[in-house]
Every structure is written in C-alpha cells, then in structure tokens.
$ cat my_file_31.csv   # CSV, C-alpha atoms (C1' of nucleotides)
chain,number,residue,atom,x,y,z
X,519,MET,CA,16.4,66.0,58.6
X,520,THR,CA,12.7,66.1,58.0
X,521,PRO,CA,11.0,67.0,54.8
X,522,SER,CA,9.6,70.2,56.3
X,523,ASP,CA,12.4,72.0,58.1
X,524,GLY,CA,14.8,73.4,55.6
X,525,GLU,CA,15.0,77.0,54.5
X,526,PRO,CA,14.4,77.4,50.8
X,527,LEU,CA,13.1,74.1,49.6
X,528,PRO,CA,14.7,72.6,46.6
X,529,GLU,CA,12.5,71.9,43.6
X,530,ASP,CA,9.8,69.4,44.3
X,531,TYR,CA,10.6,66.8,41.7
X,532,SER,CA,7.6,64.7,42.5
X,533,ARG,CA,5.5,67.4,40.9
X,534,ARG,CA,7.3,67.1,37.6
X,535,LEU,CA,6.9,63.4,37.3
X,536,GLY,CA,3.2,62.9,36.9
X,537,GLY,CA,3.5,59.3,35.9
X,538,ALA,CA,5.6,57.1,38.1
X,539,ALA,CA,5.4,59.6,41.0
X,540,LEU,CA,1.7,60.2,41.1
X,541,GLY,CA,1.2,57.5,43.6
X,542,ALA,CA,4.0,58.8,45.7
X,543,ARG,CA,2.5,62.3,45.6
X,544,LEU,CA,-0.9,61.1,46.7
X,545,ARG,CA,0.6,59.0,49.5
X,546,ARG,CA,2.6,62.0,50.7
X,547,LEU,CA,-0.5,64.1,50.8
X,548,SER,CA,-2.5,61.5,52.6
X,549,GLU,CA,0.2,61.1,55.2
X,550,ALA,CA,0.4,64.8,55.8
X,551,ILE,CA,-3.4,64.9,56.2
X,552,ASP,CA,-3.9,62.1,58.5
X,553,GLY,CA,-0.7,62.9,60.4
X,554,ASP,CA,-2.3,66.2,61.2
X,555,ALA,CA,-5.6,64.6,62.1
X,556,THR,CA,-3.7,62.3,64.5
X,557,ARG,CA,-2.1,65.3,66.1
X,558,ALA,CA,-5.5,66.9,66.5
X,559,TYR,CA,-6.7,63.8,68.4
X,560,ALA,CA,-3.6,63.9,70.5
X,561,ALA,CA,-4.1,67.6,71.2
X,562,LEU,CA,-7.5,66.8,72.7
X,563,ASP,CA,-6.0,63.9,74.7
X,564,VAL,CA,-8.1,61.3,72.9
X,565,THR,CA,-6.7,57.9,72.2
X,566,PHE,CA,-7.7,57.3,68.7
X,567,GLU,CA,-6.5,55.4,65.7
X,568,GLN,CA,-7.2,56.9,62.3
X,569,ARG,CA,-8.4,53.7,60.8
X,570,TRP,CA,-11.2,53.6,63.4
X,571,PHE,CA,-12.9,56.5,61.8
X,572,GLY,CA,-14.7,54.9,58.9
X,573,VAL,CA,-16.1,52.0,60.8
X,574,LEU,CA,-17.0,54.0,63.9
X,575,ASN,CA,-18.7,56.7,61.8
X,576,GLN,CA,-20.7,54.1,59.7
X,577,LEU,CA,-21.8,52.2,62.7
X,578,SER,CA,-23.0,55.4,64.4
X,579,LEU,CA,-24.9,56.5,61.3
X,580,ASN,CA,-26.4,53.2,60.2
X,581,GLY,CA,-26.4,50.9,63.2
X,582,PRO,CA,-25.0,47.3,63.0
X,583,LEU,CA,-23.2,46.3,59.8
X,584,THR,CA,-21.3,43.3,58.7
X,585,VAL,CA,-17.6,43.2,57.9
X,586,GLY,CA,-18.3,42.9,54.2
X,587,GLU,CA,-20.9,45.7,54.2
X,588,LEU,CA,-18.4,48.0,55.9
X,589,ALA,CA,-15.7,47.1,53.4
X,590,ALA,CA,-18.0,47.9,50.4
X,591,ARG,CA,-19.1,51.2,51.9
X,592,LEU,CA,-15.6,52.3,52.8
X,593,ARG,CA,-14.0,50.9,49.6
X,594,ILE,CA,-11.3,49.0,51.5
X,595,THR,CA,-10.7,45.3,51.7
X,596,HIS,CA,-12.6,43.1,54.2
X,597,VAL,CA,-9.2,42.3,55.6
X,598,SER,CA,-8.6,45.8,56.6
X,599,VAL,CA,-12.1,46.0,58.2
X,600,SER,CA,-11.5,42.8,60.0
X,601,GLN,CA,-8.3,44.1,61.5
X,602,THR,CA,-10.0,47.4,62.5
X,603,ARG,CA,-12.8,45.4,64.0
X,604,ALA,CA,-10.3,43.4,66.1
X,605,SER,CA,-8.7,46.7,67.3
X,606,LEU,CA,-12.1,48.3,68.1
X,607,GLU,CA,-13.2,45.2,70.0
X,608,LYS,CA,-10.0,45.2,72.0
X,609,ALA,CA,-10.5,48.8,72.8
X,610,GLY,CA,-14.0,48.0,74.0
X,611,LEU,CA,-15.6,50.4,71.4
X,612,ALA,CA,-17.4,47.8,69.2
X,613,GLN,CA,-18.9,44.4,69.7
X,614,THR,CA,-19.8,41.5,67.5
X,615,THR,CA,-23.1,39.6,67.4
X,616,ALA,CA,-23.8,36.5,65.4
X,617,ASP,CA,-26.0,36.9,62.4
X,618,PRO,CA,-29.0,34.6,63.0
X,619,ASP,CA,-29.5,34.0,59.3
X,620,ASP,CA,-25.9,33.3,58.3
X,621,ALA,CA,-23.2,32.0,60.7
X,622,ARG,CA,-20.5,33.3,58.4
X,623,ARG,CA,-21.4,36.9,59.0
X,624,ARG,CA,-20.5,39.1,62.0
X,625,ARG,CA,-22.7,42.0,62.8
X,626,LEU,CA,-20.7,44.9,64.3
X,627,SER,CA,-22.2,47.4,66.6
X,628,LEU,CA,-21.0,50.2,68.9
X,629,THR,CA,-20.7,49.5,72.6
X,630,PRO,CA,-21.8,52.3,75.0
X,631,ALA,CA,-18.2,53.2,75.2
X,632,GLY,CA,-18.1,53.4,71.5
X,633,GLN,CA,-21.1,55.6,71.4
X,634,GLY,CA,-19.6,57.8,74.1
X,635,LEU,CA,-16.4,58.2,72.1
X,636,VAL,CA,-18.3,59.1,68.9
X,637,SER,CA,-20.3,61.8,70.8
X,638,ARG,CA,-17.1,63.2,72.3
X,639,LEU,CA,-15.5,63.3,68.9
X,640,ARG,CA,-18.3,64.9,66.9
X,641,PRO,CA,-17.0,68.4,67.5
X,642,LEU,CA,-13.6,67.4,66.3
X,643,TRP,CA,-15.0,65.6,63.3
X,644,GLN,CA,-17.0,68.7,62.5
X,645,ALA,CA,-13.9,70.9,62.8
X,646,LEU,CA,-12.1,68.5,60.4
X,647,GLU,CA,-15.0,68.6,58.1
X,648,GLY,CA,-15.0,72.4,58.2
X,649,ALA,CA,-11.3,72.6,57.7
X,650,ALA,CA,-11.5,70.2,54.7
X,651,LEU,CA,-14.2,72.3,53.1
X,652,GLU,CA,-12.1,75.4,53.7
X,653,LEU,CA,-9.1,73.7,52.1
X,654,ASP,CA,-11.2,72.5,49.2
X,655,ALA,CA,-12.4,76.0,48.5
X,656,GLU,CA,-8.9,77.4,48.9
X,657,ALA,CA,-7.5,74.8,46.5
X,658,GLN,CA,-10.4,75.2,44.2
X,659,ALA,CA,-12.2,71.9,44.2
X,660,VAL,CA,-9.6,69.3,44.8
X,661,THR,CA,-12.2,66.7,46.0
X,662,ALA,CA,-14.1,67.1,42.7
X,663,ALA,CA,-10.9,66.5,40.9
X,664,LEU,CA,-10.3,63.4,43.0
X,665,ASP,CA,-13.8,62.2,42.1
X,666,ARG,CA,-13.0,62.6,38.5
X,667,LEU,CA,-9.7,60.7,38.9
X,668,GLU,CA,-11.4,57.8,40.6
X,669,ASP,CA,-14.0,57.7,37.9
X,670,ALA,CA,-11.4,57.8,35.2
X,671,LEU,CA,-9.5,54.9,36.8
X,672,ALA,CA,-12.7,53.0,37.2
X,673,ARG,CA,-13.3,53.3,33.5
X,674,ARG,CA,-9.9,52.1,32.6
X,675,SER,CA,-7.2,51.3,35.1
X,676,LEU,CA,-3.7,52.8,35.1
X,677,TYR,CA,-2.4,49.3,34.5
X,678,GLN,CA,-4.5,48.8,31.3
X,679,ARG,CA,-3.6,52.3,30.1
X,680,VAL,CA,0.1,51.5,30.5
X,681,LEU,CA,-0.1,48.1,28.8
X,682,ASP,CA,-1.9,49.7,25.9
X,683,ARG,CA,0.9,52.2,25.5
X,684,LEU,CA,3.6,49.6,25.7
X,685,GLU,CA,2.1,47.5,23.0
X,686,THR,CA,2.2,50.2,20.4
Y,446,MET,CA,-14.6,40.2,49.3
Y,447,THR,CA,-12.5,42.8,47.6
Y,448,PRO,CA,-13.5,46.4,47.1
Y,449,SER,CA,-13.8,46.0,43.4
Y,450,ASP,CA,-15.8,43.0,42.7
Y,451,GLY,CA,-19.4,43.6,43.6
Y,452,GLU,CA,-22.2,44.3,41.2
Y,453,PRO,CA,-23.8,47.7,41.9
Y,454,LEU,CA,-21.5,49.4,44.4
Y,455,PRO,CA,-23.1,50.9,47.4
Y,456,GLU,CA,-22.7,54.6,47.9
Y,457,ASP,CA,-19.1,55.6,48.4
Y,458,TYR,CA,-19.3,57.3,51.8
Y,459,SER,CA,-15.7,58.3,51.7
Y,460,ARG,CA,-16.7,60.9,49.1
Y,461,ARG,CA,-19.2,62.5,51.4
Y,462,LEU,CA,-16.9,62.9,54.3
Y,463,GLY,CA,-14.4,65.4,53.1
Y,464,GLY,CA,-13.0,66.0,56.5
Y,465,ALA,CA,-11.9,63.1,58.5
Y,466,ALA,CA,-11.9,60.8,55.4
Y,467,LEU,CA,-9.8,63.0,53.0
Y,468,GLY,CA,-6.6,61.3,54.1
Y,469,ALA,CA,-8.2,57.9,53.6
Y,470,ARG,CA,-9.4,58.8,50.1
Y,471,LEU,CA,-5.9,60.0,49.1
Y,472,ARG,CA,-4.4,56.8,50.5
Y,473,ARG,CA,-6.9,54.7,48.7
Y,474,LEU,CA,-6.1,56.4,45.4
Y,475,SER,CA,-2.3,56.2,45.9
Y,476,GLU,CA,-2.7,52.5,46.6
Y,477,ALA,CA,-4.7,51.9,43.5
Y,478,ILE,CA,-2.1,53.8,41.5
Y,479,ASP,CA,1.0,52.3,42.7
Y,480,GLY,CA,-0.6,48.9,42.9
Y,481,ASP,CA,-1.2,49.2,39.2
Y,482,ALA,CA,2.4,50.4,38.6
Y,483,THR,CA,3.6,47.3,40.5
Y,484,ARG,CA,1.5,45.1,38.3
Y,485,ALA,CA,3.1,46.8,35.3
Y,486,TYR,CA,6.6,46.0,36.4
Y,487,ALA,CA,5.5,42.4,37.1
Y,488,ALA,CA,4.0,42.2,33.6
Y,489,LEU,CA,7.4,43.1,32.2
Y,490,ASP,CA,9.1,40.6,34.5
Y,491,VAL,CA,11.1,43.2,36.1
Y,492,THR,CA,12.0,43.0,39.8
Y,493,PHE,CA,11.2,46.4,41.1
Y,494,GLU,CA,10.1,48.1,44.3
Y,495,GLN,CA,8.0,51.2,44.0
Y,496,ARG,CA,10.1,53.1,46.5
Y,497,TRP,CA,13.1,52.7,44.3
Y,498,PHE,CA,11.7,55.0,41.7
Y,499,GLY,CA,12.4,58.4,43.2
Y,500,VAL,CA,16.0,57.7,44.2
Y,501,LEU,CA,16.9,55.8,41.0
Y,502,ASN,CA,15.4,58.5,38.9
Y,503,GLN,CA,17.1,61.3,40.7
Y,504,LEU,CA,20.5,59.6,40.6
Y,505,SER,CA,20.2,59.0,36.9
Y,506,LEU,CA,19.2,62.6,36.2
Y,507,ASN,CA,21.6,64.3,38.6
Y,508,GLY,CA,24.5,62.0,39.4
Y,509,PRO,CA,25.5,61.3,43.0
Y,510,LEU,CA,23.5,62.8,45.8
Y,511,THR,CA,23.5,62.4,49.5
Y,512,VAL,CA,20.8,60.9,51.6
Y,513,GLY,CA,19.7,64.3,52.8
Y,514,GLU,CA,19.6,65.8,49.4
Y,515,LEU,CA,17.5,63.0,48.1
Y,516,ALA,CA,15.1,63.4,51.0
Y,517,ALA,CA,14.7,67.1,50.4
Y,518,ARG,CA,14.1,66.6,46.7
Y,519,LEU,CA,11.6,63.8,47.1
Y,520,ARG,CA,9.9,65.4,50.1
Y,521,ILE,CA,10.2,62.3,52.2
Y,522,THR,CA,12.1,61.7,55.4
Y,523,HIS,CA,15.8,60.9,55.4
Y,524,VAL,CA,14.8,57.7,57.2
Y,525,SER,CA,12.8,56.5,54.2
Y,526,VAL,CA,15.7,57.4,51.9
Y,527,SER,CA,18.1,55.5,54.1
Y,528,GLN,CA,16.0,52.4,54.0
Y,529,THR,CA,15.6,52.7,50.2
Y,530,ARG,CA,19.4,53.1,49.9
Y,531,ALA,CA,20.0,49.9,51.9
Y,532,SER,CA,17.5,48.1,49.7
Y,533,LEU,CA,19.1,49.5,46.5
Y,534,GLU,CA,22.6,48.6,47.7
Y,535,LYS,CA,21.5,45.1,48.6
Y,536,ALA,CA,20.0,44.7,45.1
Y,537,GLY,CA,23.3,45.9,43.7
Y,538,LEU,CA,21.7,48.9,42.0
Y,539,ALA,CA,23.4,51.7,43.9
Y,540,GLN,CA,26.6,52.2,45.9
Y,541,THR,CA,27.9,54.6,48.5
Y,542,THR,CA,31.1,56.6,48.5
Y,543,ALA,CA,32.4,58.6,51.4
Y,544,ASP,CA,32.2,62.4,51.0
Y,545,PRO,CA,35.7,63.7,51.3
Y,546,ASP,CA,34.6,66.9,53.0
Y,547,ASP,CA,32.2,65.5,55.5
Y,548,ALA,CA,32.4,62.0,56.9
Y,549,ARG,CA,28.8,62.1,58.0
Y,550,ARG,CA,27.5,62.2,54.5
Y,551,ARG,CA,27.0,59.4,52.1
Y,552,ARG,CA,27.1,60.0,48.4
Y,553,LEU,CA,24.9,57.6,46.5
Y,554,SER,CA,25.4,56.7,42.9
Y,555,LEU,CA,24.2,54.2,40.5
Y,556,THR,CA,26.1,51.0,39.8
Y,557,PRO,CA,26.4,49.8,36.2
Y,558,ALA,CA,23.6,47.4,37.0
Y,559,GLY,CA,21.5,50.4,38.3
Y,560,GLN,CA,22.2,52.3,35.1
Y,561,GLY,CA,21.2,49.3,33.1
Y,562,LEU,CA,17.9,48.9,35.0
Y,563,VAL,CA,17.1,52.6,34.5
Y,564,SER,CA,17.7,52.2,30.8
Y,565,ARG,CA,15.5,49.2,30.6
Y,566,LEU,CA,12.8,50.9,32.6
Y,567,ARG,CA,12.7,54.1,30.6
Y,568,PRO,CA,10.0,52.9,28.2
Y,569,LEU,CA,7.8,51.8,31.0
Y,570,TRP,CA,8.4,55.1,32.9
Y,571,GLN,CA,7.5,56.9,29.7
Y,572,ALA,CA,4.3,54.8,29.3
Y,573,LEU,CA,3.5,55.6,33.0
Y,574,GLU,CA,4.1,59.3,32.3
Y,575,GLY,CA,1.9,59.2,29.2
Y,576,ALA,CA,-0.9,57.3,31.0
Y,577,ALA,CA,-0.7,59.9,33.8
Y,578,LEU,CA,-1.0,62.8,31.4
Y,579,GLU,CA,-3.9,61.1,29.8
Y,580,LEU,CA,-5.6,60.6,33.1
Y,581,ASP,CA,-4.9,64.1,34.1
Y,582,ALA,CA,-6.5,65.4,31.0
Y,583,GLU,CA,-9.5,63.0,31.4
Y,584,ALA,CA,-10.0,64.0,35.0
Y,585,GLN,CA,-9.4,67.7,34.1
Y,586,ALA,CA,-6.3,68.7,35.9
Y,587,VAL,CA,-6.1,66.7,39.0
Y,588,THR,CA,-2.4,67.3,39.4
Y,589,ALA,CA,-2.9,71.0,39.3
Y,590,ALA,CA,-5.5,70.6,42.0
Y,591,LEU,CA,-3.0,68.6,44.1
Y,592,ASP,CA,-0.5,71.3,43.7
Y,593,ARG,CA,-3.0,73.8,45.0
Y,594,LEU,CA,-3.8,71.5,47.9
Y,595,GLU,CA,-0.2,71.2,48.8
Y,596,ASP,CA,0.3,74.9,48.6
Y,597,ALA,CA,-2.8,75.5,50.8
Y,598,LEU,CA,-1.5,73.1,53.4
Y,599,ALA,CA,1.9,74.7,53.3
Y,600,ARG,CA,0.4,78.1,54.0
Y,601,ARG,CA,-1.5,76.7,57.0
Y,602,SER,CA,-1.6,73.1,58.0
Y,603,LEU,CA,-4.8,71.1,58.5
Y,604,TYR,CA,-3.8,70.8,62.2
Y,605,GLN,CA,-3.7,74.5,62.6
Y,606,ARG,CA,-7.0,75.0,60.8
Y,607,VAL,CA,-8.7,72.4,63.0
Y,608,LEU,CA,-7.3,73.9,66.2
Y,609,ASP,CA,-8.5,77.4,65.2
Y,610,ARG,CA,-12.0,76.0,64.6
Y,611,LEU,CA,-12.1,74.2,67.9
Y,612,GLU,CA,-11.1,77.3,69.8
Y,613,THR,CA,-14.0,79.3,68.6
S,1250,DT,C1',-28.8,14.6,48.2
S,1251,DC,C1',-24.6,15.5,48.1
S,1252,DA,C1',-20.5,17.0,45.9
S,1253,DT,C1',-19.0,21.4,44.1
S,1254,DA,C1',-18.9,26.2,43.9
S,1255,DA,C1',-19.6,30.7,46.0
S,1256,DT,C1',-19.5,33.7,50.0
S,1257,DC,C1',-17.8,35.6,54.5
S,1258,DT,C1',-14.3,36.3,57.6
S,1259,DG,C1',-9.7,35.5,59.3
S,1260,DT,C1',-4.3,34.9,59.6
S,1261,DA,C1',0.3,35.6,57.8
S,1262,DG,C1',3.3,38.5,55.9
S,1263,DG,C1',4.5,42.6,53.0
S,1264,DC,C1',4.8,47.6,51.6
S,1265,DA,C1',6.1,52.5,51.7
S,1266,DC,C1',6.0,55.4,54.5
S,1267,DC,C1',6.3,57.5,59.5
S,1268,DT,C1',8.1,59.1,64.7
S,1269,DA,C1',11.3,58.6,68.4
S,1270,DC,C1',15.6,57.8,69.6
S,1271,DA,C1',20.8,56.8,69.0
S,1272,DT,C1',25.4,57.5,66.9
S,1273,DA,C1',29.0,59.9,64.5
S,1274,DT,C1',30.9,63.9,62.8
S,1275,DA,C1',31.2,69.0,62.3
S,1276,DT,C1',30.8,73.8,63.9
S,1277,DG,C1',30.8,77.6,67.1
S,1278,DT,C1',32.1,79.7,71.5
S,1279,DC,C1',34.5,80.6,75.6
U,1194,DG,C1',41.5,73.4,72.5
U,1195,DA,C1',37.4,71.7,75.0
U,1196,DC,C1',32.7,71.4,75.2
U,1197,DA,C1',27.9,72.4,74.0
U,1198,DT,C1',25.2,72.4,69.9
U,1199,DA,C1',23.9,71.4,65.3
U,1200,DT,C1',23.8,68.3,61.4
U,1201,DA,C1',23.9,63.7,58.7
U,1202,DT,C1',22.6,59.2,58.9
U,1203,DG,C1',20.9,54.9,61.0
U,1204,DT,C1',17.9,51.5,64.0
U,1205,DA,C1',13.7,50.1,66.2
U,1206,DG,C1',9.2,49.8,66.0
U,1207,DG,C1',4.6,51.5,64.4
U,1208,DT,C1',0.6,52.6,60.9
U,1209,DG,C1',-3.0,51.6,57.6
U,1210,DC,C1',-3.4,49.6,54.1
U,1211,DC,C1',-2.6,45.5,50.8
U,1212,DT,C1',-2.2,40.3,48.5
U,1213,DA,C1',-2.2,35.4,49.1
U,1214,DC,C1',-4.0,31.9,51.3
U,1215,DA,C1',-7.1,29.2,54.6
U,1216,DG,C1',-11.4,27.8,57.2
U,1217,DA,C1',-16.1,27.8,57.9
U,1218,DT,C1',-20.7,28.2,56.2
U,1219,DT,C1',-24.3,28.6,52.6
U,1220,DA,C1',-26.2,28.0,47.9
U,1221,DT,C1',-26.5,25.4,43.5
U,1222,DG,C1',-27.3,21.8,40.3
U,1223,DA,C1',-26.8,16.9,38.6
$ encode --input "my_file_31.csv" --output "structure tokens"
Amino acid sequence: MTPSDGEPLPEDYSRRLGGAALGARLRRLSEAIDGDATRAYAALDVTFEQRWFGVLNQLSLNGPLTVGELAARLRITHVSVSQTRASLEKAGLAQTTADPDDARRRRLSLTPAGQGLVSRLRPLWQALEGAALELDAEAQAVTAALDRLEDALARRSLYQRVLDRLET
Amino acid sequence: MTPSDGEPLPEDYSRRLGGAALGARLRRLSEAIDGDATRAYAALDVTFEQRWFGVLNQLSLNGPLTVGELAARLRITHVSVSQTRASLEKAGLAQTTADPDDARRRRLSLTPAGQGLVSRLRPLWQALEGAALELDAEAQAVTAALDRLEDALARRSLYQRVLDRLET
DNA sequence: TCATAATCTGTAGGCACCTACATATATGTC
DNA sequence: GACATATATGTAGGTGCCTACAGATTATGA
C-alpha cells in the first residue's frame, strides 16, 4: 500500500498537528517534489542525482568555487557538498584543482562533460522553474511563506521557542 | 564549516531557484525543524526517535491500528510504518496482536511503557504545538500555504506539469 | 618563532524516508 | 474447490541530508 493509491483518503492527521508534525509535513512535501523531479529526469533518459543540481548550477553560473563557498551558498553542510563533489567527480562532471594560495581548499569546476550536461538540462530546469512558478501562483505564494518561516526560525529557533515554553 | 556559523551570509541561492531547488528548500527546512525537535527531546533526557511521533500519537488517540491504516493516516508508505513498528516494538513501546479476521494484518497498540512515554511527552508535544502556532502566526500562515501546495500537487503533480511544459 | 588556535575538507555512521521486490493471506471466478 | 488476482506486510538496498570526529594547512600572539 502506497500513500497515494486509496480511494477516499482518510483524514490527513499531519495537517492537524502543526507542532511535532511540521517537520514531517515538510519532509513529505520535499520528497513528493524531488521524487517528481527524479521521474522527470528519468523520462528524459538522463542519469542525474538530485543532489547534483545545486553544485552544478552554481558552478555553471559562477565558475569555480570551493567546497566551503558552495556550502554557504546552498545552505547545506560542507560535508554534503564534499560527498556531492565526490559523486560528481566519479561521474566525470566536475574536477578539482588545487588552490595556489591555500592548500586546504579545493576549487571545483565543471568538466566539458559537466558543461554538456548542464546545457542539455537547461530546458528541463526551465520547465521545472515554470512549473514551480505555476504552483506558487496556484497555491498563493508558498515560497514567500517559506521565506518568512526561514526568517522567523533564524530570529529564534524552534528549539529556543520550545525551551522557553517549557520553562514557564 | 556549518551552514549557520558565518558572519554575513552570502546570498541564499536556493531562494532564487524556485523550480529545481524547491524540494531542497523544503528538505532543508524540515531538517532544521526536526533537528530542533530532536534537541528538545535530548534536553529533557528522553530517548526518542522523531519517526515514532506519528505512530505513537495515533495509537494514543485512536487505540489499536494496523500498519496500513497508520500509513494512510500519516501519508507515508507502509514500509516506513513497518520499520517504525519494529523500532517501537524493540523499544518496548508498542506491541502487535494478530487480527482475528485477517491473518495478514497486524494490529498495533501501545504497551504500558508506551502509554507512559506518551504521558511524559505530552507537555513537550504541547510546547512544540505552541511554538509551531507561534511560528505560523509570525510567518503569516505558512501551514495554510503548505495545505494549498499539497492540494495543488494533488490536482496535478509536478511531474505532469513539467512534462506538459516540455512537450510544447 | 613556535606553540596554539582557527579554518578547510574528509570519513564514518546515522536518520527518516523511499522504491523494488518477496511472502503470506484473502477474494473472486470458472 | 482450484487457481489467478488482489491485499497486507516485510526485507534489501538507496537517497540526500545530518552530526561527530579527524587530518591537514594557515593564521595568531606571546
């Protein structure tokens, strides 16, 4: 049984439980979305891992960047970038050159194959972008709402808010 | 380097890229949220896995339910419920009884230890709920926006929308 | 100048899901 | 009543992140 097969769906309890289930709801949505994106790549017969997108896109827009720079831009850990880098290198899509000023750093850049893949994917990325804008309009500014949520969390984390409540 | 340590943060590119990065944004947010929830359990010295919440909560509200029923209510796969069930049983928090009408089904119910844990966690769950409502107000109805996004995706999936765009 | 601290990247292992496939039981049809 | 099909659950293995820790290099200051 999958979550999307039944006839009349039972009540969606995760909608009622804003608190402890908010994370679960967001995860569910993110899985639905990049599951669909994955299917789109497959439909075009392109071998592609979702996690490649951020790095590939940044490198194609900005030229070489270090692991740390990519992590900061994409708001993920350097560890995740490092793993993606390894995967991209293994796939022959990106390469590493030593930074002449600092031997700790690795400058990542696209290989010709990487550039080729990016070009081939542009139409799909544009379709995804268009579909996302359409969804955003249809759902009346979800992304703006997400921005506000991120900002609110940056002001005071959920953890802090919960602790404050437990103390009183 | 972590994503939340630097001084002035560089531009957050994931906000610009609605399309291919929407899934990533949602995932990032969900990780922030249930990371914080995990820290809250740890602060109270409670051994707790995030994934237990949905099942535990449903069982405490509704009494025994089967794996499939839980999956439908929580909008996750039966596989995920099955794994959570195993984990809950191992932790002594839930138990399985055979369904007299259908030997394929497993009815899950809370053990006394499970009920005890739920009681002890109620205050925390309420604090989480309160914090989520506060966040929702501060971010001006994010959850309503998420509802609308889910509904829009249910009407026509991202996959379908992307394919339609690629065909024209 | 040289020990100490800070910074950059990497490895190991974990988490909460997922898909693909397998097994056991139930149902419908001839 | 036997057999194909549908349903309920489970196992194996994968995904894209994460934290904790470790190694290498650079910057700082006594």
$ interface_residues --input "my_file_31.csv" --of "chain X" --to "chain S" --cutoff "10 Å" --atoms "all atoms listed in the file" --output "CSV table (one decimal) with C-alpha atoms, keeping the file's coordinate frame"
chain,number,residue,atom,x,y,z
X,542,ALA,CA,4.0,58.8,45.7
X,545,ARG,CA,0.6,59.0,49.5
X,546,ARG,CA,2.6,62.0,50.7
X,549,GLU,CA,0.2,61.1,55.2
X,553,GLY,CA,-0.7,62.9,60.4
X,584,THR,CA,-21.3,43.3,58.7
X,585,VAL,CA,-17.6,43.2,57.9
X,586,GLY,CA,-18.3,42.9,54.2
X,596,HIS,CA,-12.6,43.1,54.2
X,597,VAL,CA,-9.2,42.3,55.6
X,599,VAL,CA,-12.1,46.0,58.2
X,600,SER,CA,-11.5,42.8,60.0
X,601,GLN,CA,-8.3,44.1,61.5
X,620,ASP,CA,-25.9,33.3,58.3
X,621,ALA,CA,-23.2,32.0,60.7
X,622,ARG,CA,-20.5,33.3,58.4
X,623,ARG,CA,-21.4,36.9,59.0
X,624,ARG,CA,-20.5,39.1,62.0
$ atom_distance --input "my_file_31.csv" --atom1 "atom CA of Ser532 of chain Y" --atom2 "atom CA of Leu474 of chain Y"
25.4 Å
$ interface_residues --input "my_file_31.csv" --of "chain U" --to "chain Y" --cutoff "8 Å" --atoms "all atoms listed in the file" --output "PyMOL selection string"
chain U and resi 1201-1203
$ residues_around --input "my_file_31.csv" --residues "Leu653 of chain X" --least-positions-apart "2" --cutoff "12 Å" --atoms "all atoms listed in the file" --output "JSON, numbers by chain"
{"X": [551, 646, 647, 648, 649, 650, 651, 655, 656, 657, 658, 659, 660, 661], "Y": [463, 464, 467, 590, 591, 593, 594, 595, 596, 597, 598, 599, 600, 601, 602, 603, 604, 605, 606, 607]}
$ atom_distance --input "my_file_31.csv" --atom1 "atom CA of Ala485 of chain Y" --atom2 "atom CA of Thr529 of chain Y"
20.3 Å
$ atom_distance --input "my_file_31.csv" --atom1 "atom C1' of DC1210 of chain U" --atom2 "atom CA of Ser598 of chain X"
6.9 Å
$ closest_residue --input "my_file_31.csv" --among "X:Leu583, X:Leu635, X:Leu544, X:Ala560" --to "chain Y" --atoms "all atoms listed in the file"
X:Leu544
$ closest_residue --input "my_file_31.csv" --among "Y:Arg496, Y:Arg530, Y:Lys535, Y:Arg565" --to "chain X" --atoms "only C-alpha atoms"
Y:Arg496
$ closest_residue --input "my_file_31.csv" --among "Y:Leu501, Y:Ala465, Y:Leu515, Y:Leu553" --to "chain X" --atoms "all atoms listed in the file"
Y:Ala465
$ closest_residue --input "my_file_31.csv" --among "Y:Ile521, Y:Leu566, Y:Leu555, Y:Leu504" --to "chain X" --atoms "all atoms listed in the file"
Y:Ile521
$ closest_residue --input "my_file_31.csv" --among "Y:Ser564, Y:Glu494, Y:Arg518, Y:Glu579" --to "chain X" --atoms "only C-alpha atoms"
Y:Arg518
$ closest_residue --input "my_file_31.csv" --among "Y:Gly499, Y:Gly468, Y:Gly508, Y:Gly561" --to "chain X" --atoms "all atoms listed in the file"
Y:Gly468
